[in-house]
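The structure appears right after this line, and notes come after that.
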Amino acid sequence: MGRLEDKYALITGGTSGIGFETAREFLAEGAAVAITGRSRERLEEAARRLGGRVLPVLSDAGDVPGQAALAARLRQEWPRLDVVMSNAADVTHLPIEQWTEEAFERLVATNLKGPFFLIKALLPLLSRQASVILVGSVSAFIGHENAAVYGAAKAGMLSLSRGLTYELKERGVRVNGLSPGPTLTDAFASLGPERQAAIYDELRRTVPLHRIGTATELAKAAVYLASDESAYTAGTILRVDGGIGELAY
Ligand SMILES: NC(=O)c1ccc[n+]([C@@H]2O[C@H](COP(=O)([O-])OP(=O)(O)OC[C@H]3O[C@@H](n4cnc5c(N)ncnc54)[C@H](OP(=O)(O)O)[C@@H]3O)[C@@H](O)[C@H]2O)c1
């Protein structure tokens, strides 16, 4: 029997990286899984690679009215929702001089406002012991290059794990943050291979465990938070970051 048998789980941003690997682990543990993304092609390819009980849904996490549409779609398909993992993110990193109001608003809509309104829209579907997992970032805790806006939005997102657990406690809903450190995914692919390799070299030096994490390591932590094994874990933040968020190197 899988650790997520009979659970219905939504993962936003499930076409690659941490979201995709989490979908793979959730399916292996017996869950039915819905994944979202912005491209029908990438969603279909991800669903094909995942196999199993996957529901691909086209949905932009930064489109606030679109969150209600996503909730309505899940209500049509499923009797309830047991796990929500808000994982999709805008990872734009820029120096302050290059930020425009439009880019700032887009990032905050995707990484904070959209996820909040998604949870609001999903409330009627959430089961009594539902687990909500909010994917943050080590950038919420430490300052680094060009990450001020991204880090601030992620800090807001992780703060929701406390505020929403309090607000939803009478429904039995647990909300926890999952905070990755540097993890090997496509997140920084747009920087090009050379810049990406330089960043990874620097990170290997500065992460206390001296390596970059894998998406599978984050996915295993997500299984714990999604499953009943974490039934007494609420309003906290699980850091899976090689120690970089807590330790000096
Ligand atoms: N990788 C790291 O080092 C690292 C470190 C700290 C935190 N994180 C966090 O971990 C999470 C996953 O990142 P990742 O590294 O796995 O990135 P990734 O490999 O680039 O995957 C991002 C996923 O999110 C989807 N996505 C992006 N923008 C979206 C939007 N507006 N609406 C819906 N889906 C969207 C992408 O799908 P489409 O492109 O198909 O839409 C993709 O499935 C993010 O919250 C990120 O901030 C990552």
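By convention here, the chains of the structure tokens are called A, B, ... in the order presented, each chain's residues are numbered starting at 1, and ligands are numbered starting at 1 in the order presented.
For Arg211 in chain A, the list of residues within 10 Å, based on only C-alpha atoms and with local chain neighbours fewer than 4 positions off taken out, reads A:Pro182, A:Thr183, A:Leu184, A:Tyr200, A:Asp201, A:Leu203, A:Arg204, A:Arg205, A:Thr206, A:Val207, A:Asp241, A:Gly242.
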Residues within 6 Å of ligand 1 (only C-alpha atoms and all ligand atoms), as JSON, numbers by chain? {"A": [12, 13, 14, 15, 16, 17, 18, 19, 36, 37, 38, 39, 42, 59, 60, 61, 62, 87, 88, 89, 90, 91, 110, 135, 136, 137, 138, 180, 181, 182, 183, 184, 185, 186, 187]}
Saved selection, atoms kept: N, CA and C atoms, as an mmCIF file, in the first residue's frame:
data_model
loop_
_atom_site.group_PDB
_atom_site.id
_atom_site.type_symbol
_atom_site.label_atom_id
_atom_site.label_comp_id
_atom_site.auth_asym_id
_atom_site.auth_seq_id
_atom_site.Cartn_x
_atom_site.Cartn_y
_atom_site.Cartn_z
ATOM 1 N N THR A 12 1.082 22.505 -8.782
ATOM 2 C CA THR A 12 1.201 23.539 -9.810
ATOM 3 C C THR A 12 2.644 23.536 -10.320
ATOM 4 N N GLY A 13 2.790 23.723 -11.616
ATOM 5 C CA GLY A 13 4.131 23.677 -12.206
ATOM 6 C C GLY A 13 4.690 22.267 -12.170
ATOM 7 N N GLY A 14 3.993 21.369 -12.861
ATOM 8 C CA GLY A 14 4.403 19.951 -12.798
ATOM 9 C C GLY A 14 5.055 19.434 -14.057
ATOM 10 N N THR A 15 5.460 20.321 -14.967
ATOM 11 C CA THR A 15 6.018 19.823 -16.232
ATOM 12 C C THR A 15 7.520 19.573 -16.166
ATOM 13 N N SER A 16 8.191 20.107 -15.153
ATOM 14 C CA SER A 16 9.642 19.878 -15.064
ATOM 15 C C SER A 16 10.102 20.023 -13.619
ATOM 16 N N GLY A 17 11.366 19.729 -13.408
ATOM 17 C CA GLY A 17 12.018 20.000 -12.125
ATOM 18 C C GLY A 17 11.342 19.350 -10.913
ATOM 19 N N ILE A 18 11.263 20.125 -9.841
ATOM 20 C CA ILE A 18 10.760 19.617 -8.558
ATOM 21 C C ILE A 18 9.293 19.170 -8.683
ATOM 22 N N GLY A 19 8.489 19.951 -9.399
ATOM 23 C CA GLY A 19 7.075 19.603 -9.565
ATOM 24 C C GLY A 19 6.904 18.284 -10.294
ATOM 25 N N THR A 36 -0.125 21.290 -13.377
ATOM 26 C CA THR A 36 -0.416 22.461 -14.211
ATOM 27 C C THR A 36 0.863 22.975 -14.875
ATOM 28 N N GLY A 37 0.664 23.804 -15.871
ATOM 29 C CA GLY A 37 1.755 24.459 -16.574
ATOM 30 C C GLY A 37 1.153 25.417 -17.586
ATOM 31 N N ARG A 38 2.039 26.171 -18.267
ATOM 32 C CA ARG A 38 1.552 27.203 -19.188
ATOM 33 C C ARG A 38 1.482 26.743 -20.633
ATOM 34 N N SER A 39 2.007 25.558 -20.913
ATOM 35 C CA SER A 39 2.056 25.110 -22.305
ATOM 36 C C SER A 39 1.394 23.749 -22.445
ATOM 37 N N ARG A 42 3.966 21.028 -23.360
ATOM 38 C CA ARG A 42 4.810 20.521 -22.267
ATOM 39 C C ARG A 42 3.999 19.696 -21.274
ATOM 40 N N SER A 59 -2.845 26.030 -16.926
ATOM 41 C CA SER A 59 -3.203 27.076 -15.954
ATOM 42 C C SER A 59 -1.957 27.881 -15.605
ATOM 43 N N ASP A 60 -2.082 29.188 -15.705
ATOM 44 C CA ASP A 60 -0.969 30.078 -15.364
ATOM 45 C C ASP A 60 -1.129 30.505 -13.909
ATOM 46 N N ALA A 61 -0.131 30.186 -13.087
ATOM 47 C CA ALA A 61 -0.224 30.461 -11.649
ATOM 48 C C ALA A 61 -0.313 31.954 -11.344
ATOM 49 N N GLY A 62 0.072 32.792 -12.295
ATOM 50 C CA GLY A 62 0.038 34.233 -12.081
ATOM 51 C C GLY A 62 -1.257 34.884 -12.534
ATOM 52 N N ASN A 87 3.811 25.105 -6.357
ATOM 53 C CA ASN A 87 5.226 24.954 -6.715
ATOM 54 C C ASN A 87 5.646 25.857 -7.872
ATOM 55 N N ALA A 88 4.715 26.178 -8.769
ATOM 56 C CA ALA A 88 5.058 27.013 -9.931
ATOM 57 C C ALA A 88 5.593 28.356 -9.452
ATOM 58 N N ALA A 89 6.613 28.862 -10.118
ATOM 59 C CA ALA A 89 7.162 30.153 -9.677
ATOM 60 C C ALA A 89 7.794 30.902 -10.837
ATOM 61 N N ASP A 90 7.800 32.209 -10.670
ATOM 62 C CA ASP A 90 8.552 33.105 -11.547
ATOM 63 C C ASP A 90 9.909 33.293 -10.861
ATOM 64 N N VAL A 91 10.993 32.874 -11.515
ATOM 65 C CA VAL A 91 12.312 32.913 -10.856
ATOM 66 C C VAL A 91 13.173 34.077 -11.373
ATOM 67 N N THR A 110 2.553 35.600 -9.493
ATOM 68 C CA THR A 110 2.819 34.167 -9.680
ATOM 69 C C THR A 110 3.236 33.490 -8.378
ATOM 70 N N VAL A 135 5.816 25.879 -1.778
ATOM 71 C CA VAL A 135 7.249 25.787 -2.094
ATOM 72 C C VAL A 135 7.870 27.177 -2.031
ATOM 73 N N GLY A 136 8.782 27.338 -1.111
ATOM 74 C CA GLY A 136 9.468 28.616 -0.931
ATOM 75 C C GLY A 136 10.833 28.567 -1.560
ATOM 76 N N SER A 137 11.804 29.110 -0.852
ATOM 77 C CA SER A 137 13.191 29.109 -1.335
ATOM 78 C C SER A 137 14.097 29.573 -0.216
ATOM 79 N N VAL A 138 15.335 29.112 -0.263
ATOM 80 C CA VAL A 138 16.341 29.607 0.682
ATOM 81 C C VAL A 138 16.499 31.125 0.543
ATOM 82 N N PRO A 180 13.369 24.757 -0.782
ATOM 83 C CA PRO A 180 14.554 24.179 -1.424
ATOM 84 C C PRO A 180 15.747 25.131 -1.351
ATOM 85 N N GLY A 181 16.915 24.530 -1.291
ATOM 86 C CA GLY A 181 18.136 25.271 -1.581
ATOM 87 C C GLY A 181 18.476 25.040 -3.040
ATOM 88 N N PRO A 182 19.709 25.326 -3.446
ATOM 89 C CA PRO A 182 20.073 25.104 -4.848
ATOM 90 C C PRO A 182 19.813 23.653 -5.256
ATOM 91 N N THR A 183 19.026 23.510 -6.314
ATOM 92 C CA THR A 183 18.564 22.190 -6.753
ATOM 93 C C THR A 183 18.736 22.095 -8.265
ATOM 94 N N LEU A 184 19.221 20.963 -8.729
ATOM 95 C CA LEU A 184 19.449 20.788 -10.172
ATOM 96 C C LEU A 184 18.117 20.656 -10.910
ATOM 97 N N THR A 185 17.724 21.706 -11.607
ATOM 98 C CA THR A 185 16.486 21.691 -12.411
ATOM 99 C C THR A 185 16.713 22.629 -13.601
ATOM 100 N N ASP A 186 15.616 22.898 -14.329
ATOM 101 C CA ASP A 186 15.717 23.815 -15.480
ATOM 102 C C ASP A 186 15.540 25.274 -15.066
ATOM 103 N N ALA A 187 15.421 25.545 -13.760
ATOM 104 C CA ALA A 187 15.016 26.884 -13.326
ATOM 105 C C ALA A 187 15.921 27.988 -13.877
#
Would you please work out which residue, of A:Ala148, A:Ile133, A:Leu10, A:Leu209, is nearest to Glu97 in chain A when using only C-alpha atoms? A:Ala148
Neighbours of Val84 in chain A within 8 Å (only C-alpha atoms; same-chain residues fewer than 3 positions away dropped), as a ChimeraX atom specification? /A:9-11,81,130-133
Would you mind listing what lies within 12 Å of Gly156 in chain A as an MDAnalysis selection string, with only C-alpha atoms counted and same-chain residues fewer than 3 positions away left out? chainID A and resid 108:109 111:113 115:116 134:137 139:141 149:153 159:164 177
Would you list, as an NGL selection string, the residues of range 17-247 of chain A that end up in alpha helix (DSSP H) under DSSP run on this structure's backbone? :A and (17-28 or 40-50 or 64-77 or 101-108 or 114-122 or 148-168 or 193-206 or 215-226)
Keeping only C-alpha atoms, write the selected residues as a tab-separated table (two decimals), in the first residue's frame.
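Everything below was put into selection_17.tsv:
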chain	number	residue	atom	x	y	z
A	17	GLY	CA	12.02	20.00	-12.13
A	18	ILE	CA	10.76	19.62	-8.56
A	19	GLY	CA	7.08	19.60	-9.56
A	20	PHE	CA	7.59	16.87	-12.14
A	21	GLU	CA	9.64	14.67	-9.79
A	22	THR	CA	7.06	15.18	-7.05
A	23	ALA	CA	4.30	14.10	-9.44
A	24	ARG	CA	6.36	10.98	-10.17
A	25	GLU	CA	6.79	10.19	-6.44
A	26	PHE	CA	3.13	10.94	-5.62
A	27	LEU	CA	1.97	8.58	-8.38
A	28	ALA	CA	4.35	5.86	-7.18
A	40	ARG	CA	-0.30	22.42	-23.53
A	41	GLU	CA	2.57	20.73	-25.35
A	42	ARG	CA	4.81	20.52	-22.27
A	43	LEU	CA	1.88	19.34	-20.15
A	44	GLU	CA	1.02	16.54	-22.56
A	45	GLU	CA	4.65	15.48	-22.79
A	46	ALA	CA	4.95	15.46	-18.98
A	47	ALA	CA	1.71	13.48	-18.61
A	48	ARG	CA	2.96	10.97	-21.19
A	49	ARG	CA	6.29	10.56	-19.37
A	50	LEU	CA	4.57	10.21	-16.01
A	64	VAL	CA	-5.52	35.32	-10.45
A	65	PRO	CA	-9.02	34.80	-11.98
A	66	GLY	CA	-7.61	31.64	-13.59
A	67	GLN	CA	-7.17	30.10	-10.13
A	68	ALA	CA	-10.94	29.85	-9.73
A	69	ALA	CA	-11.14	28.19	-13.14
A	70	LEU	CA	-8.52	25.64	-12.06
A	71	ALA	CA	-10.50	24.91	-8.88
A	72	ALA	CA	-13.72	24.54	-10.91
A	73	ARG	CA	-12.01	22.05	-13.24
A	74	LEU	CA	-10.82	19.93	-10.31
A	75	ARG	CA	-14.31	20.00	-8.80
A	76	GLN	CA	-15.64	18.58	-12.06
A	77	GLU	CA	-13.06	15.80	-12.13
A	101	GLU	CA	6.63	47.62	-12.17
A	102	GLU	CA	5.15	45.15	-14.66
A	103	ALA	CA	7.85	42.52	-14.00
A	104	PHE	CA	7.53	43.04	-10.22
A	105	GLU	CA	3.77	42.61	-10.38
A	106	ARG	CA	4.08	39.52	-12.53
A	107	LEU	CA	6.48	37.88	-10.07
A	108	VAL	CA	4.34	38.70	-7.05
A	114	GLY	CA	-2.01	33.58	-7.34
A	115	PRO	CA	-1.19	30.80	-4.82
A	116	PHE	CA	-3.22	32.57	-2.11
A	117	PHE	CA	-6.27	32.87	-4.35
A	118	LEU	CA	-5.82	29.29	-5.54
A	119	ILE	CA	-6.08	28.05	-1.95
A	120	LYS	CA	-9.12	30.27	-1.41
A	121	ALA	CA	-10.79	28.85	-4.52
A	122	LEU	CA	-9.97	25.27	-3.50
A	148	ALA	CA	15.61	40.78	-3.55
A	149	VAL	CA	12.19	40.62	-5.19
A	150	TYR	CA	12.17	36.82	-5.60
A	151	GLY	CA	13.27	36.38	-1.96
A	152	ALA	CA	10.66	38.82	-0.66
A	153	ALA	CA	7.83	37.03	-2.48
A	154	LYS	CA	9.09	33.64	-1.28
A	155	ALA	CA	9.26	34.96	2.30
A	156	GLY	CA	5.63	36.03	1.92
A	157	MET	CA	4.70	32.63	0.55
A	158	LEU	CA	6.37	30.82	3.45
A	159	SER	CA	4.70	33.15	5.93
A	160	LEU	CA	1.34	31.97	4.57
A	161	SER	CA	2.11	28.53	5.99
A	162	ARG	CA	1.73	30.01	9.47
A	163	GLY	CA	-1.16	32.39	8.80
A	164	LEU	CA	-3.22	29.90	6.82
A	165	THR	CA	-2.64	26.99	9.19
A	166	TYR	CA	-4.03	29.20	11.93
A	167	GLU	CA	-6.97	30.24	9.81
A	168	LEU	CA	-7.79	26.73	8.56
A	193	PRO	CA	25.11	26.77	-19.93
A	194	GLU	CA	28.21	28.83	-19.10
A	195	ARG	CA	26.61	31.18	-16.59
A	196	GLN	CA	24.64	28.29	-15.09
A	197	ALA	CA	27.84	26.23	-14.65
A	198	ALA	CA	29.55	29.19	-12.96
A	199	ILE	CA	26.61	29.62	-10.57
A	200	TYR	CA	26.61	25.91	-9.74
A	201	ASP	CA	30.39	25.99	-9.06
A	202	GLU	CA	29.94	28.90	-6.69
A	203	LEU	CA	27.03	27.17	-4.97
A	204	ARG	CA	28.96	23.93	-4.50
A	205	ARG	CA	31.53	26.01	-2.66
A	206	THR	CA	29.04	27.84	-0.46
A	215	ALA	CA	14.62	17.32	-7.50
A	216	THR	CA	14.05	13.80	-6.16
A	217	GLU	CA	15.28	14.87	-2.72
A	218	LEU	CA	12.69	17.65	-2.69
A	219	ALA	CA	10.02	15.27	-3.99
A	220	LYS	CA	10.68	12.80	-1.15
A	221	ALA	CA	10.25	15.62	1.37
A	222	ALA	CA	6.99	16.59	-0.37
A	223	VAL	CA	5.73	13.00	0.02
A	224	TYR	CA	6.35	13.25	3.76
A	225	LEU	CA	4.44	16.53	4.02
A	226	ALA	CA	1.62	15.21	1.80
DSSP on the backbone, strand (DSSP E or B) only: what residues of range 2-224 of chain A does that give? Format it as a PyMOL selection string. chain A and resi 8-11+32-37+54-58+81-86+126-135+174-180+183-184+213-214
Deliver the residues from the most recent selection as a file, using N, CA and C atoms, as a CSV table (one decimal), in the first residue's frame.
chain,number,residue,atom,x,y,z
A,8,TYR,N,-6.0,12.6,-3.6
A,8,TYR,CA,-6.0,13.4,-4.8
A,8,TYR,C,-5.1,14.6,-4.6
A,9,ALA,N,-4.2,14.8,-5.5
A,9,ALA,CA,-3.2,15.8,-5.3
A,9,ALA,C,-3.0,16.7,-6.5
A,10,LEU,N,-2.9,18.0,-6.2
A,10,LEU,CA,-2.7,19.0,-7.2
A,10,LEU,C,-1.2,19.5,-7.0
A,11,ILE,N,-0.5,19.6,-8.1
A,11,ILE,CA,0.9,20.2,-8.1
A,11,ILE,C,0.9,21.2,-9.2
A,32,ALA,N,-3.7,10.1,-7.1
A,32,ALA,CA,-4.1,10.6,-8.4
A,32,ALA,C,-3.5,12.0,-8.4
A,33,VAL,N,-2.9,12.4,-9.5
A,33,VAL,CA,-2.2,13.7,-9.5
A,33,VAL,C,-2.6,14.6,-10.7
A,34,ALA,N,-2.9,15.9,-10.4
A,34,ALA,CA,-3.1,16.9,-11.4
A,34,ALA,C,-1.9,17.8,-11.4
A,35,ILE,N,-1.4,18.0,-12.7
A,35,ILE,CA,-0.3,19.0,-12.8
A,35,ILE,C,-0.7,20.1,-13.7
A,36,THR,N,-0.1,21.3,-13.4
A,36,THR,CA,-0.4,22.5,-14.2
A,36,THR,C,0.9,23.0,-14.9
A,37,GLY,N,0.7,23.8,-15.9
A,37,GLY,CA,1.8,24.5,-16.6
A,37,GLY,C,1.2,25.4,-17.6
A,54,VAL,N,-2.7,10.8,-14.2
A,54,VAL,CA,-2.3,12.2,-14.3
A,54,VAL,C,-3.4,13.0,-15.0
A,55,LEU,N,-3.7,14.1,-14.4
A,55,LEU,CA,-4.6,15.0,-15.1
A,55,LEU,C,-3.9,16.3,-15.4
A,56,PRO,N,-3.5,16.6,-16.7
A,56,PRO,CA,-2.8,17.8,-17.0
A,56,PRO,C,-3.8,18.9,-17.2
A,57,VAL,N,-3.5,20.1,-16.5
A,57,VAL,CA,-4.4,21.2,-16.7
A,57,VAL,C,-3.6,22.5,-17.0
A,58,LEU,N,-4.1,23.1,-18.1
A,58,LEU,CA,-3.4,24.3,-18.6
A,58,LEU,C,-3.8,25.4,-17.6
A,81,LEU,N,-10.0,17.1,-2.7
A,81,LEU,CA,-8.6,17.3,-2.9
A,81,LEU,C,-7.9,17.1,-1.5
A,82,ASP,N,-6.9,16.3,-1.5
A,82,ASP,CA,-6.2,15.9,-0.2
A,82,ASP,C,-4.9,16.6,-0.1
A,83,VAL,N,-4.3,17.0,-1.3
A,83,VAL,CA,-2.9,17.6,-1.2
A,83,VAL,C,-2.9,18.7,-2.3
A,84,VAL,N,-2.4,19.8,-1.9
A,84,VAL,CA,-2.1,20.9,-2.8
A,84,VAL,C,-0.7,21.3,-2.7
A,85,MET,N,0.1,21.3,-3.7
A,85,MET,CA,1.5,21.7,-3.7
A,85,MET,C,1.6,22.9,-4.6
A,86,SER,N,1.8,24.1,-4.0
A,86,SER,CA,2.0,25.3,-4.9
A,86,SER,C,3.4,25.4,-5.1
A,126,LEU,N,-11.3,20.9,-0.4
A,126,LEU,CA,-10.3,20.4,0.4
A,126,LEU,C,-10.9,19.4,1.4
A,127,SER,N,-10.3,18.2,1.5
A,127,SER,CA,-10.7,17.2,2.5
A,127,SER,C,-10.4,17.7,3.9
A,128,ARG,N,-10.9,17.0,4.9
A,128,ARG,CA,-10.8,17.4,6.3
A,128,ARG,C,-9.3,17.4,6.8
A,129,GLN,N,-8.5,16.4,6.3
A,129,GLN,CA,-7.1,16.4,6.7
A,129,GLN,C,-6.2,16.8,5.6
A,130,ALA,N,-6.6,17.7,4.8
A,130,ALA,CA,-5.8,18.1,3.6
A,130,ALA,C,-4.5,18.7,4.0
A,131,SER,N,-3.5,18.4,3.1
A,131,SER,CA,-2.1,19.0,3.4
A,131,SER,C,-1.8,20.0,2.2
A,132,VAL,N,-1.5,21.2,2.6
A,132,VAL,CA,-1.1,22.2,1.6
A,132,VAL,C,0.4,22.4,1.8
A,133,ILE,N,1.1,22.3,0.7
A,133,ILE,CA,2.6,22.5,0.7
A,133,ILE,C,2.9,23.7,-0.2
A,134,LEU,N,3.6,24.7,0.5
A,134,LEU,CA,3.9,25.9,-0.3
A,134,LEU,C,5.4,25.9,-0.5
A,135,VAL,N,5.8,25.9,-1.8
A,135,VAL,CA,7.2,25.8,-2.1
A,135,VAL,C,7.9,27.2,-2.0
A,174,ARG,N,-3.7,21.3,7.1
A,174,ARG,CA,-2.3,21.7,7.5
A,174,ARG,C,-1.6,22.4,6.4
A,175,VAL,N,-1.0,23.5,6.7
A,175,VAL,CA,-0.2,24.2,5.6
A,175,VAL,C,1.2,24.3,6.0
A,176,ASN,N,2.1,23.8,5.2
A,176,ASN,CA,3.5,23.8,5.6
A,176,ASN,C,4.3,24.3,4.4
A,177,GLY,N,5.4,25.0,4.7
A,177,GLY,CA,6.4,25.4,3.6
A,177,GLY,C,7.4,24.3,3.4
A,178,LEU,N,7.8,24.2,2.1
A,178,LEU,CA,8.9,23.4,1.7
A,178,LEU,C,10.0,24.3,1.1
A,179,SER,N,11.1,24.4,1.6
A,179,SER,CA,12.0,25.4,1.2
A,179,SER,C,13.3,24.8,0.6
A,180,PRO,N,13.4,24.8,-0.8
A,180,PRO,CA,14.6,24.2,-1.4
A,180,PRO,C,15.7,25.1,-1.4
A,183,THR,N,19.0,23.5,-6.3
A,183,THR,CA,18.6,22.2,-6.8
A,183,THR,C,18.7,22.1,-8.3
A,184,LEU,N,19.2,21.0,-8.7
A,184,LEU,CA,19.4,20.8,-10.2
A,184,LEU,C,18.1,20.7,-10.9
A,213,GLY,N,21.4,20.1,-4.6
A,213,GLY,CA,20.4,19.0,-4.3
A,213,GLY,C,19.7,18.5,-5.6
A,214,THR,N,19.0,17.4,-5.5
A,214,THR,CA,18.3,16.9,-6.6
A,214,THR,C,16.8,17.1,-6.4
Quick check, in Å to one decimal: how far apart do CA of Ile212 in chain A and CA of Ile244 in chain A lie?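 Value for the CA of Ile212 in chain A-CA of Ile244 in chain A distance: 10.6 Å.
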